[in-house]
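Asks: File name run-v9.pdb; file contents PDB, C-alpha atoms; full text below.
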```
ATOM      1  CA  MET A   1       0.000   0.000   0.000
ATOM      2  CA  SER A   2       1.337   3.476  -0.893
ATOM      3  CA  GLU A   3       2.626   5.638   1.975
ATOM      4  CA  ASP A   4       1.384   8.827   0.293
ATOM      5  CA  LYS A   5      -1.512  10.418   2.122
ATOM      6  CA  TRP A   6      -4.573  11.525   0.189
ATOM      7  CA  THR A   7      -6.671  14.519   1.018
ATOM      8  CA  SER A   8     -10.290  13.898   1.294
ATOM      9  CA  GLY A   9     -12.165  14.860  -1.756
ATOM     10  CA  SER A  10      -9.000  15.231  -3.786
ATOM     11  CA  ASP A  11      -7.111  13.002  -6.074
ATOM     12  CA  THR A  12      -3.837  14.939  -5.569
ATOM     13  CA  PRO A  13      -1.470  13.671  -2.920
ATOM     14  CA  ARG A  14      -0.104  16.291  -0.343
ATOM     15  CA  GLU A  15       3.649  16.170   0.112
ATOM     16  CA  THR A  16       5.077  16.264   3.632
ATOM     17  CA  ASP A  17       5.818  19.930   4.674
ATOM     18  CA  ASN A  18       9.489  20.057   5.693
ATOM     19  CA  VAL A  19       9.550  23.907   6.320
ATOM     20  CA  ASN A  20       9.836  25.133   9.982
ATOM     21  CA  PRO A  21       6.547  26.941  10.752
ATOM     22  CA  ASP A  22       8.389  29.552  12.920
ATOM     23  CA  LYS A  23      10.860  30.590  10.205
ATOM     24  CA  TRP A  24       8.557  32.963   8.363
ATOM     25  CA  GLU A  25       7.740  34.745  11.649
ATOM     26  CA  ARG A  26      11.435  35.301  12.361
ATOM     27  CA  ASP A  27      12.011  36.571   8.825
ATOM     28  CA  LEU A  28       9.151  39.033   9.239
ATOM     29  CA  LEU A  29      10.500  40.287  12.566
ATOM     30  CA  HIS A  30      13.957  40.710  11.047
ATOM     31  CA  ARG A  31      12.539  42.682   8.133
ATOM     32  CA  LEU A  32      10.578  44.954  10.492
ATOM     33  CA  ALA A  33      13.607  45.496  12.749
ATOM     34  CA  PHE A  34      15.867  46.380   9.805
ATOM     35  CA  ALA A  35      13.207  48.718   8.414
ATOM     36  CA  ALA A  36      12.938  50.539  11.751
ATOM     37  CA  LEU A  37      16.749  50.736  12.020
ATOM     38  CA  ASN A  38      17.027  52.163   8.508
ATOM     39  CA  GLU A  39      14.331  54.719   9.306
ATOM     40  CA  GLN A  40      16.225  55.794  12.445
ATOM     41  CA  ARG A  41      19.408  56.143  10.419
ATOM     42  CA  ARG A  42      17.664  58.314   7.824
ATOM     43  CA  THR A  43      16.127  60.453  10.569
ATOM     44  CA  ARG A  44      19.511  60.834  12.269
ATOM     45  CA  ARG A  45      21.183  61.842   8.997
ATOM     46  CA  TRP A  46      18.566  64.499   8.303
ATOM     47  CA  GLY A  47      18.839  65.721  11.910
ATOM     48  CA  ILE A  48      22.619  66.096  11.599
ATOM     49  CA  PHE A  49      22.192  67.828   8.253
ATOM     50  CA  PHE A  50      19.731  70.421   9.592
ATOM     51  CA  LYS A  51      21.822  70.986  12.721
ATOM     52  CA  PHE A  52      24.826  71.601  10.505
ATOM     53  CA  LEU A  53      22.856  74.120   8.441
ATOM     54  CA  ILE A  54      21.765  75.954  11.597
ATOM     55  CA  PHE A  55      25.363  76.010  12.876
ATOM     56  CA  VAL A  56      26.634  77.417   9.556
ATOM     57  CA  TYR A  57      23.886  80.065   9.605
ATOM     58  CA  LEU A  58      24.631  81.175  13.156
ATOM     59  CA  PHE A  59      28.380  81.099  12.570
ATOM     60  CA  GLY A  60      27.939  83.263   9.489
ATOM     61  CA  ILE A  61      25.908  85.847  11.418
ATOM     62  CA  LEU A  62      28.513  85.887  14.191
ATOM     63  CA  ALA A  63      31.359  86.271  11.690
ATOM     64  CA  ILE A  64      29.626  89.195   9.982
ATOM     65  CA  ALA A  65      28.985  90.853  13.329
ATOM     66  CA  ARG A  66      32.614  90.356  14.369
ATOM     67  CA  LEU A  67      34.105  91.587  11.110
ATOM     68  CA  SER A  68      31.769  94.531  10.768
ATOM     69  CA  GLY A  69      32.033  97.106  13.517
ATOM     70  CA  PRO A  70      28.937  99.113  14.489
ATOM     71  CA  GLY A  71      30.113 102.036  12.390
ATOM     72  CA  GLU A  72      30.586  99.848   9.321
ATOM     73  CA  ILE A  73      27.001  98.607   9.266
ATOM     74  CA  THR A  74      25.515 102.045  10.007
ATOM     75  CA  PRO A  75      25.507 104.094   6.802
ATOM     76  CA  GLU A  76      23.667 107.127   8.183
ATOM     77  CA  GLU A  77      25.046 109.951  10.305
ATOM     78  CA  HIS A  78      24.425 109.257  13.979
ATOM     79  CA  THR A  79      25.444 109.938  17.561
ATOM     80  CA  ALA A  80      27.766 107.313  19.050
ATOM     81  CA  LEU A  81      27.115 106.095  22.591
ATOM     82  CA  VAL A  82      29.363 104.335  25.089
ATOM     83  CA  ASP A  83      27.999 103.230  28.473
ATOM     84  CA  LEU A  84      30.065 103.292  31.669
ATOM     85  CA  VAL A  85      28.028 101.551  34.347
ATOM     86  CA  GLY A  86      29.037 100.328  37.799
ATOM     87  CA  VAL A  87      32.248 100.242  39.775
ATOM     88  CA  ILE A  88      35.350 101.122  37.779
ATOM     89  CA  ALA A  89      37.709  98.178  38.320
ATOM     90  CA  PRO A  90      39.838  95.771  36.260
ATOM     91  CA  GLU A  91      37.473  92.815  36.893
ATOM     92  CA  ALA A  92      34.238  94.766  36.409
ATOM     93  CA  ASP A  93      32.257  95.571  33.259
ATOM     94  CA  ALA A  94      33.390  99.199  33.634
ATOM     95  CA  ASN A  95      37.070  98.382  33.238
ATOM     96  CA  ALA A  96      39.377 100.722  31.351
ATOM     97  CA  ASP A  97      40.104  98.359  28.443
ATOM     98  CA  THR A  98      36.414  97.840  27.692
ATOM     99  CA  ILE A  99      35.480 101.522  27.915
ATOM    100  CA  VAL A 100      38.497 102.663  25.896
ATOM    101  CA  THR A 101      37.757 100.080  23.184
ATOM    102  CA  GLY A 102      34.210 101.405  22.883
ATOM    103  CA  LEU A 103      35.390 105.017  22.756
ATOM    104  CA  ARG A 104      37.921 104.266  20.035
ATOM    105  CA  ARG A 105      35.305 102.548  17.891
ATOM    106  CA  ALA A 106      32.891 105.419  18.445
ATOM    107  CA  PHE A 107      35.414 108.083  17.432
ATOM    108  CA  GLU A 108      36.744 106.103  14.476
ATOM    109  CA  ALA A 109      33.297 105.409  13.011
ATOM    110  CA  LYS A 110      33.075 107.538   9.865
ATOM    111  CA  LYS A 111      29.396 108.386  10.280
ATOM    112  CA  SER A 112      29.449 109.240  13.987
ATOM    113  CA  LYS A 113      28.931 112.984  14.411
ATOM    114  CA  ALA A 114      29.701 113.091  18.140
ATOM    115  CA  VAL A 115      30.247 110.725  21.068
ATOM    116  CA  ILE A 116      28.234 110.443  24.262
ATOM    117  CA  LEU A 117      29.808 108.782  27.300
ATOM    118  CA  ARG A 118      26.841 107.896  29.514
ATOM    119  CA  ILE A 119      28.018 107.478  33.105
ATOM    120  CA  ASN A 120      26.328 105.808  36.055
ATOM    121  CA  SER A 121      29.148 104.985  38.473
ATOM    122  CA  PRO A 122      30.029 105.526  42.146
ATOM    123  CA  GLY A 123      33.750 105.446  41.305
ATOM    124  CA  GLY A 124      36.501 102.893  41.692
ATOM    125  CA  SER A 125      40.143 102.493  40.762
ATOM    126  CA  PRO A 126      42.080 105.758  40.260
ATOM    127  CA  VAL A 127      44.388 103.968  37.815
ATOM    128  CA  GLN A 128      41.510 102.744  35.638
ATOM    129  CA  ALA A 129      39.801 106.142  35.778
ATOM    130  CA  GLY A 130      43.051 107.899  34.886
ATOM    131  CA  TYR A 131      43.586 105.602  31.907
ATOM    132  CA  ILE A 132      40.139 106.437  30.518
ATOM    133  CA  ASN A 133      40.607 110.157  31.185
ATOM    134  CA  ASP A 134      43.922 110.153  29.297
ATOM    135  CA  GLU A 135      42.450 108.250  26.353
ATOM    136  CA  ILE A 136      39.515 110.665  26.071
ATOM    137  CA  LYS A 137      41.912 113.600  25.847
ATOM    138  CA  ARG A 138      43.987 111.783  23.219
ATOM    139  CA  LEU A 139      40.932 110.928  21.108
ATOM    140  CA  ARG A 140      39.641 114.490  21.320
ATOM    141  CA  GLU A 141      42.983 115.730  19.964
ATOM    142  CA  GLU A 142      42.992 113.099  17.208
ATOM    143  CA  PHE A 143      39.385 113.887  16.209
ATOM    144  CA  PRO A 144      39.027 117.623  16.936
ATOM    145  CA  ASP A 145      35.784 117.930  14.954
ATOM    146  CA  LYS A 146      34.040 115.160  16.901
ATOM    147  CA  PRO A 147      33.018 116.359  20.398
ATOM    148  CA  LEU A 148      32.537 114.075  23.392
ATOM    149  CA  TYR A 149      29.772 114.772  25.898
ATOM    150  CA  ALA A 150      29.464 113.120  29.299
ATOM    151  CA  VAL A 151      25.853 112.396  30.233
ATOM    152  CA  VAL A 152      25.162 111.476  33.848
ATOM    153  CA  SER A 153      22.197 109.306  34.802
ATOM    154  CA  ASP A 154      21.945 108.467  38.524
ATOM    155  CA  VAL A 155      25.472 108.803  39.899
ATOM    156  CA  CYS A 156      28.744 110.270  38.692
ATOM    157  CA  ALA A 157      30.905 110.289  41.803
ATOM    158  CA  SER A 158      34.602 110.105  42.535
ATOM    159  CA  GLY A 159      36.243 107.974  39.810
ATOM    160  CA  GLY A 160      33.207 108.457  37.584
ATOM    161  CA  TYR A 161      33.577 112.217  37.840
ATOM    162  CA  PHE A 162      37.360 111.849  37.356
ATOM    163  CA  ILE A 163      36.483 110.512  33.893
ATOM    164  CA  ALA A 164      33.643 112.929  33.153
ATOM    165  CA  VAL A 165      35.821 116.056  33.483
ATOM    166  CA  ALA A 166      37.715 114.994  30.339
ATOM    167  CA  ALA A 167      34.586 115.593  28.226
ATOM    168  CA  ASP A 168      33.763 118.773  26.302
ATOM    169  CA  LYS A 169      30.620 119.222  28.381
ATOM    170  CA  ILE A 170      28.833 117.389  31.211
ATOM    171  CA  TYR A 171      25.038 116.973  31.145
ATOM    172  CA  VAL A 172      23.126 115.847  34.221
ATOM    173  CA  ASP A 173      19.654 115.206  35.535
ATOM    174  CA  ARG A 174      18.424 117.570  38.253
ATOM    175  CA  ALA A 175      18.513 114.710  40.774
ATOM    176  CA  SER A 176      21.812 113.152  39.679
ATOM    177  CA  ILE A 177      24.505 112.730  42.336
ATOM    178  CA  ILE A 178      27.749 114.500  41.429
ATOM    179  CA  GLY A 179      31.087 114.992  43.152
ATOM    180  CA  SER A 180      32.814 113.003  45.905
ATOM    181  CA  ILE A 181      36.173 114.433  44.840
ATOM    182  CA  GLY A 182      38.345 112.531  47.269
ATOM    183  CA  VAL A 183      40.335 109.352  47.865
ATOM    184  CA  ARG A 184      39.861 106.568  50.394
ATOM    185  CA  MET A 185      41.593 103.397  51.523
ATOM    186  CA  ASP A 186      39.671 100.688  53.364
ATOM    187  CA  SER A 187      41.308  98.481  55.967
ATOM    188  CA  PHE A 188      40.619  96.879  59.362
ATOM    189  CA  GLY A 189      42.414  95.656  62.455
ATOM    190  CA  PHE A 190      42.148  92.421  64.460
ATOM    191  CA  VAL A 191      44.822  93.203  67.037
ATOM    192  CA  GLU A 192      42.655  92.931  70.179
ATOM    193  CA  ALA A 193      40.656  90.022  68.790
ATOM    194  CA  ILE A 194      43.769  87.958  68.106
ATOM    195  CA  ASP A 195      45.038  88.649  71.627
ATOM    196  CA  LYS A 196      41.763  87.544  73.211
ATOM    197  CA  LEU A 197      41.745  84.370  71.169
ATOM    198  CA  GLY A 198      45.274  83.589  72.260
ATOM    199  CA  VAL A 199      46.597  83.406  68.724
ATOM    200  CA  GLU A 200      50.298  84.045  68.172
ATOM    201  CA  ARG A 201      50.971  86.091  65.067
ATOM    202  CA  ARG A 202      54.035  84.948  63.101
ATOM    203  CA  LEU A 203      55.034  87.324  60.329
ATOM    204  CA  MET A 204      58.400  87.191  58.614
ATOM    205  CA  THR A 205      59.434  89.988  56.263
ATOM    206  CA  ALA A 206      62.470  91.409  54.525
ATOM    207  CA  GLY A 207      62.127  95.163  54.745
ATOM    208  CA  GLU A 208      61.391  97.361  57.749
ATOM    209  CA  HIS A 209      57.895  98.406  56.659
ATOM    210  CA  LYS A 210      56.888  95.397  54.540
ATOM    211  CA  GLY A 211      54.158  94.351  56.975
ATOM    212  CA  PHE A 212      52.759  97.803  57.728
ATOM    213  CA  LEU A 213      49.307  97.001  56.260
ATOM    214  CA  ASP A 214      48.974  93.750  58.200
ATOM    215  CA  PRO A 215      45.534  93.825  59.916
ATOM    216  CA  PHE A 216      46.802  91.696  62.820
ATOM    217  CA  LEU A 217      49.518  94.163  63.823
ATOM    218  CA  PRO A 218      48.992  97.527  65.522
ATOM    219  CA  SER A 219      49.433 100.518  63.211
ATOM    220  CA  LYS A 220      52.390 102.833  63.671
ATOM    221  CA  GLU A 221      52.312 106.604  63.404
ATOM    222  CA  GLU A 222      54.963 106.712  60.712
ATOM    223  CA  ASP A 223      53.069 104.102  58.651
ATOM    224  CA  VAL A 224      49.807 106.035  58.947
ATOM    225  CA  ALA A 225      51.610 109.230  57.933
ATOM    226  CA  HIS A 226      53.060 107.491  54.891
ATOM    227  CA  ILE A 227      49.652 106.226  53.778
ATOM    228  CA  GLN A 228      48.163 109.670  54.314
ATOM    229  CA  SER A 229      50.831 111.211  52.099
ATOM    230  CA  LEU A 230      49.991 108.637  49.427
ATOM    231  CA  LEU A 231      46.277 109.474  49.610
ATOM    232  CA  ASP A 232      47.014 113.212  49.572
ATOM    233  CA  ASN A 233      49.138 112.776  46.472
ATOM    234  CA  ILE A 234      46.388 110.936  44.575
ATOM    235  CA  HIS A 235      43.856 113.489  45.835
ATOM    236  CA  GLY A 236      46.029 116.259  44.411
ATOM    237  CA  GLN A 237      46.104 114.480  41.052
ATOM    238  CA  PHE A 238      42.317 114.245  41.138
ATOM    239  CA  ILE A 239      41.915 117.955  41.940
ATOM    240  CA  GLN A 240      44.258 118.915  39.114
ATOM    241  CA  ARG A 241      42.275 116.797  36.632
ATOM    242  CA  VAL A 242      39.081 118.571  37.688
ATOM    243  CA  ARG A 243      40.666 121.998  37.335
ATOM    244  CA  ASP A 244      42.181 121.145  33.957
ATOM    245  CA  GLY A 245      38.932 119.718  32.641
ATOM    246  CA  ARG A 246      36.513 122.337  33.931
ATOM    247  CA  GLY A 247      38.745 125.373  33.641
ATOM    248  CA  GLU A 248      37.091 128.737  34.238
ATOM    249  CA  ARG A 249      33.662 127.119  34.520
ATOM    250  CA  LEU A 250      34.594 125.798  37.971
ATOM    251  CA  LYS A 251      33.472 127.931  40.903
ATOM    252  CA  GLU A 252      35.640 126.573  43.685
ATOM    253  CA  THR A 253      34.380 126.524  47.262
ATOM    254  CA  PRO A 254      36.212 125.504  50.470
ATOM    255  CA  ASN A 255      34.501 122.104  50.534
ATOM    256  CA  MET A 256      34.431 121.365  46.803
ATOM    257  CA  PHE A 257      37.311 118.882  47.024
ATOM    258  CA  SER A 258      36.386 117.509  50.457
ATOM    259  CA  GLY A 259      34.537 114.423  49.210
ATOM    260  CA  LEU A 260      31.045 115.926  49.471
ATOM    261  CA  ILE A 261      28.383 115.266  46.836
ATOM    262  CA  TRP A 262      25.762 117.497  45.216
ATOM    263  CA  THR A 263      22.662 117.134  43.090
ATOM    264  CA  GLY A 264      22.865 117.704  39.371
ATOM    265  CA  GLU A 265      21.089 121.019  39.766
ATOM    266  CA  GLN A 266      23.575 122.179  42.416
ATOM    267  CA  SER A 267      26.526 120.929  40.376
ATOM    268  CA  ILE A 268      25.627 123.292  37.527
ATOM    269  CA  ASP A 269      25.733 126.265  39.898
ATOM    270  CA  LEU A 270      29.171 125.121  41.108
ATOM    271  CA  GLY A 271      30.505 124.637  37.609
ATOM    272  CA  LEU A 272      30.907 120.886  38.104
ATOM    273  CA  ALA A 273      28.430 120.311  35.244
ATOM    274  CA  ASP A 274      27.154 122.364  32.321
ATOM    275  CA  ALA A 275      23.458 121.752  31.743
ATOM    276  CA  ILE A 276      20.414 119.547  32.241
ATOM    277  CA  GLY A 277      19.972 116.860  29.619
ATOM    278  CA  ASN A 278      19.837 113.129  28.909
ATOM    279  CA  SER A 279      21.302 111.153  26.023
ATOM    280  CA  SER A 280      18.310 111.633  23.719
ATOM    281  CA  TYR A 281      18.274 115.370  24.358
ATOM    282  CA  VAL A 282      21.994 115.744  23.671
ATOM    283  CA  ALA A 283      21.805 113.678  20.475
ATOM    284  CA  ARG A 284      18.770 115.566  19.196
ATOM    285  CA  GLU A 285      19.328 119.153  20.365
ATOM    286  CA  VAL A 286      23.099 119.448  20.840
ATOM    287  CA  VAL A 287      24.632 117.061  18.307
ATOM    288  CA  GLY A 288      21.872 117.272  15.725
ATOM    289  CA  ALA A 289      21.943 113.531  14.990
ATOM    290  CA  GLU A 290      18.964 111.951  16.721
ATOM    291  CA  ASP A 291      19.836 108.348  15.841
ATOM    292  CA  ILE A 292      21.971 106.825  18.601
ATOM    293  CA  ILE A 293      24.221 103.814  17.988
ATOM    294  CA  ASP A 294      25.635 101.960  20.999
ATOM    295  CA  TYR A 295      29.363 101.193  20.677
ATOM    296  CA  THR A 296      29.760  99.707  24.157
ATOM    297  CA  PRO A 297      31.601  96.351  23.860
ATOM    298  CA  GLN A 298      29.363  93.544  25.101
ATOM    299  CA  PRO A 299      30.872  90.596  27.002
ATOM    300  CA  SER A 300      30.077  87.055  25.957
ATOM    301  CA  PHE A 301      27.568  84.991  27.910
ATOM    302  CA  LEU A 302      30.374  83.063  29.608
ATOM    303  CA  GLU A 303      32.137  86.281  30.598
ATOM    304  CA  GLN A 304      28.920  87.696  32.028
ATOM    305  CA  PHE A 305      28.387  84.544  34.059
ATOM    306  CA  GLN A 306      31.945  84.510  35.372
ATOM    307  CA  ARG A 307      31.858  88.168  36.329
ATOM    308  CA  GLY A 308      28.431  87.893  37.894
ATOM    309  CA  VAL A 309      29.350  85.218  40.443
ATOM    310  CA  GLY A 310      30.539  86.920  43.541
ATOM    311  CA  VAL A 311      32.306  89.867  41.886
ATOM    312  CA  SER A 312      31.126  92.427  44.414
ATOM    313  CA  MET A 313      32.014  90.289  47.434
ATOM    314  CA  THR A 314      35.402  89.398  45.978
ATOM    315  CA  GLN A 315      36.264  93.024  45.281
ATOM    316  CA  ALA A 316      35.208  94.173  48.735
ATOM    317  CA  PHE A 317      37.157  91.400  50.482
ATOM    318  CA  LYS A 318      40.252  92.019  48.378
ATOM    319  CA  ALA A 319      40.069  95.755  49.080
ATOM    320  CA  LEU A 320      39.939  95.118  52.810
ATOM    321  CA  LEU A 321      42.867  92.718  52.770
ATOM    322  CA  SER A 322      45.098  94.685  50.446
ATOM    323  CA  GLY A 323      44.229  98.210  51.499
ATOM    324  CA  GLU A 324      43.095  99.013  47.957
ATOM    325  CA  VAL A 325      42.945 102.709  47.120
ATOM    326  CA  ALA A 326      39.671 103.820  45.556
ATOM    327  CA  LEU A 327      37.981 106.915  44.207
ATOM    328  CA  ARG A 328      34.506 106.400  45.648
TER     329      ARG A 328
END
```
Transcribe the structure of this file into structure tokens.
Replies:
Amino acid sequence: MSEDKWTSGSDTPRETDNVNPDKWERDLLHRLAFAALNEQRRTRRWGIFFKFLIFVYLFGILAIARLSGPGEITPEEHTALVDLVGVIAPEADANADTIVTGLRRAFEAKKSKAVILRINSPGGSPVQAGYINDEIKRLREEFPDKPLYAVVSDVCASGGYFIAVAADKIYVDRASIIGSIGVRMDSFGFVEAIDKLGVERRLMTAGEHKGFLDPFLPSKEEDVAHIQSLLDNIHGQFIQRVRDGRGERLKETPNMFSGLIWTGEQSIDLGLADAIGNSSYVAREVVGAEDIIDYTPQPSFLEQFQRGVGVSMTQAFKALLSGEVALR
């Protein structure tokens, strides 16, 4: 008898199925997995491509901005503006290098008709302020037909005023704070505290007066006299800058250089300032070029973050430890 099996109702024999019934399921799963993987690869390629395009676009904008100074992309006649805001110090936004860079760009711009230095500062380093003052005078000589006006917002005291007197004219608000023509040095002493705590101070120096600013040692008369002479010398430099800058407009009083401050309105009567006016007024009515272009160099995001973390506390602590001299 034949071993072939017959299907019912059919004369055709059915051959034995030797194919694994699970194989087609595995093949289907493999095909689906490879299709999904290929789709992910295509998506990733397009994602990289578009990210690259965005990077090229942003890099191009940045390159154009870097290569083209504010004056180069401003075809019309305008008033140039440079902002000086905050404490004047090497680590601060209002450091001499930054302000001087902005002033140079503002003066060198072909279409700038005049320059406004807008000041809102309580003062700071006499060295930084002196550097800016000197550069303003140099730029005014190099560009004699391009005046520079100082415009005060809230405060223009001490080192801020040291800089302002280099301008052709000083404009203020009636309530602005002006003056503080003086010099100070901050320090402290822990002599009694260290004795009460039973701490032995061990200081080794080479030089008779090398440790004269040490806060854990008592001050000596000759050291105090030396520091006072130093402060008086810097104060004299400050006074001379004010007299040179203001000239015959200055109406000196016995307490003008004592460190006192005045309102903007009072400062005009004293000859410390010239008139009432803000940046818009000066650009429109004095310069005659109402459009204002800001030439103040802007720090990068990383620089802003670095400077913003504890700058004020660090400066104050360093000033106390080092006896830093300040115009404020």
Asks: Quick check, in Å to one decimal: how far apart do CA of Glu265 (chain A) and CA of Gly245 (chain A) lie?
Replies: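 Interatomic distance here is 19.3 Å.
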Asks: Can you spell out as a PyMOL selection string the set of residues that the PyMOL selection byres ((chain A and resi 123-125) around 6) selects in the structure I just provided?
Replies: chain A and resi 87-89+121-122+126-128+157-160+326-328
Asks: Name the residues in contact with Leu272 (chain A) at a cut-off of 10 Å, using only C-alpha atoms, excluding same-chain residues fewer than 4 positions from it; report them as a ChimeraX atom specification.
Replies: /A:161,164-165,169-171,178-179,242-243,245-246,249-252,256,262,264-268
Asks: Please determine, counting all atoms listed in the file, which residue among A:Val155, A:Ala289, A:Ile181, A:Leu270 has the shortest atom-to-atom distance to Phe257 (chain A).
Replies: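 Comparing A:Val155, A:Ala289, A:Ile181, A:Leu270 against Phe257 (chain A), the winner is A:Ile181.
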Asks: What residues come out when you apply the PyMOL selection byres ((chain A and resi 136-150) around 8) to this file, written as a list in words?
Replies: Leu103, Arg104, Phe107, Lys113, Ala114, Val115, Ile116, Leu117, Arg118, Ile119, Ile132, Asn133, Asp134, Glu135, Val151, Val152, Ala164, Ala166, Ala167, Asp168, Lys169, Ile170 and Tyr171 of chain A
Asks: Taking into account only C-alpha atoms, which residue in the set A:His235, A:Lys220, A:Arg26, A:Arg241 is nearest to Gly130 (chain A)?
Replies: A:Arg241
Asks: Just to confirm, what's the straight-line distance from CA of Gly207 (chain A) to CA of Glu221 (chain A) in Å (one decimal)?
Replies: 17.4 Å
Asks: Using only C-alpha atoms, can you tell me which of A:Asp244, A:Asp154, A:Asp195, A:Asp27 comes closest to Ala175 (chain A)?
Replies: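 Using only C-alpha atoms, Ala175 (chain A) sits closest to A:Asp154.
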Asks: Please compute the CA of Ala109 (chain A)-CA of Ile292 (chain A) distance, one decimal, in Å.
Replies: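 Calculated distance between CA of Ala109 (chain A) and CA of Ile292 (chain A) is 12.7 Å.
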Asks: Take the point (51.1, 96.4, 61.9) in the file's coordinates, draw a sphere of radius 12 Å around it, and report as a compact mmCIF listing (two decimals) with C-alpha atoms, in the frame of the given file every protein, DNA or RNA residue with an atom inside or on it, counting only C-alpha atoms.
Replies:
```
# COMPACT_ATOMS: atom_id res chain seq x y z
CA SER A 187 41.31 98.48 55.97
CA PHE A 188 40.62 96.88 59.36
CA GLY A 189 42.41 95.66 62.46
CA PHE A 190 42.15 92.42 64.46
CA VAL A 191 44.82 93.20 67.04
CA ARG A 201 50.97 86.09 65.07
CA ARG A 202 54.04 84.95 63.10
CA LEU A 203 55.03 87.32 60.33
CA THR A 205 59.43 89.99 56.26
CA GLU A 208 61.39 97.36 57.75
CA HIS A 209 57.90 98.41 56.66
CA LYS A 210 56.89 95.40 54.54
CA GLY A 211 54.16 94.35 56.98
CA PHE A 212 52.76 97.80 57.73
CA LEU A 213 49.31 97.00 56.26
CA ASP A 214 48.97 93.75 58.20
CA PRO A 215 45.53 93.82 59.92
CA PHE A 216 46.80 91.70 62.82
CA LEU A 217 49.52 94.16 63.82
CA PRO A 218 48.99 97.53 65.52
CA SER A 219 49.43 100.52 63.21
CA LYS A 220 52.39 102.83 63.67
CA GLU A 221 52.31 106.60 63.40
CA GLU A 222 54.96 106.71 60.71
CA ASP A 223 53.07 104.10 58.65
CA VAL A 224 49.81 106.04 58.95
```
Asks: For Gly182 (chain A), which residue out of A:Val100, A:Ala206, A:Leu84, A:Ile261 is the nearest one, using all atoms listed in the file?
Replies: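 Counting all atoms listed in the file, the residue closest to Gly182 (chain A) is A:Ile261.
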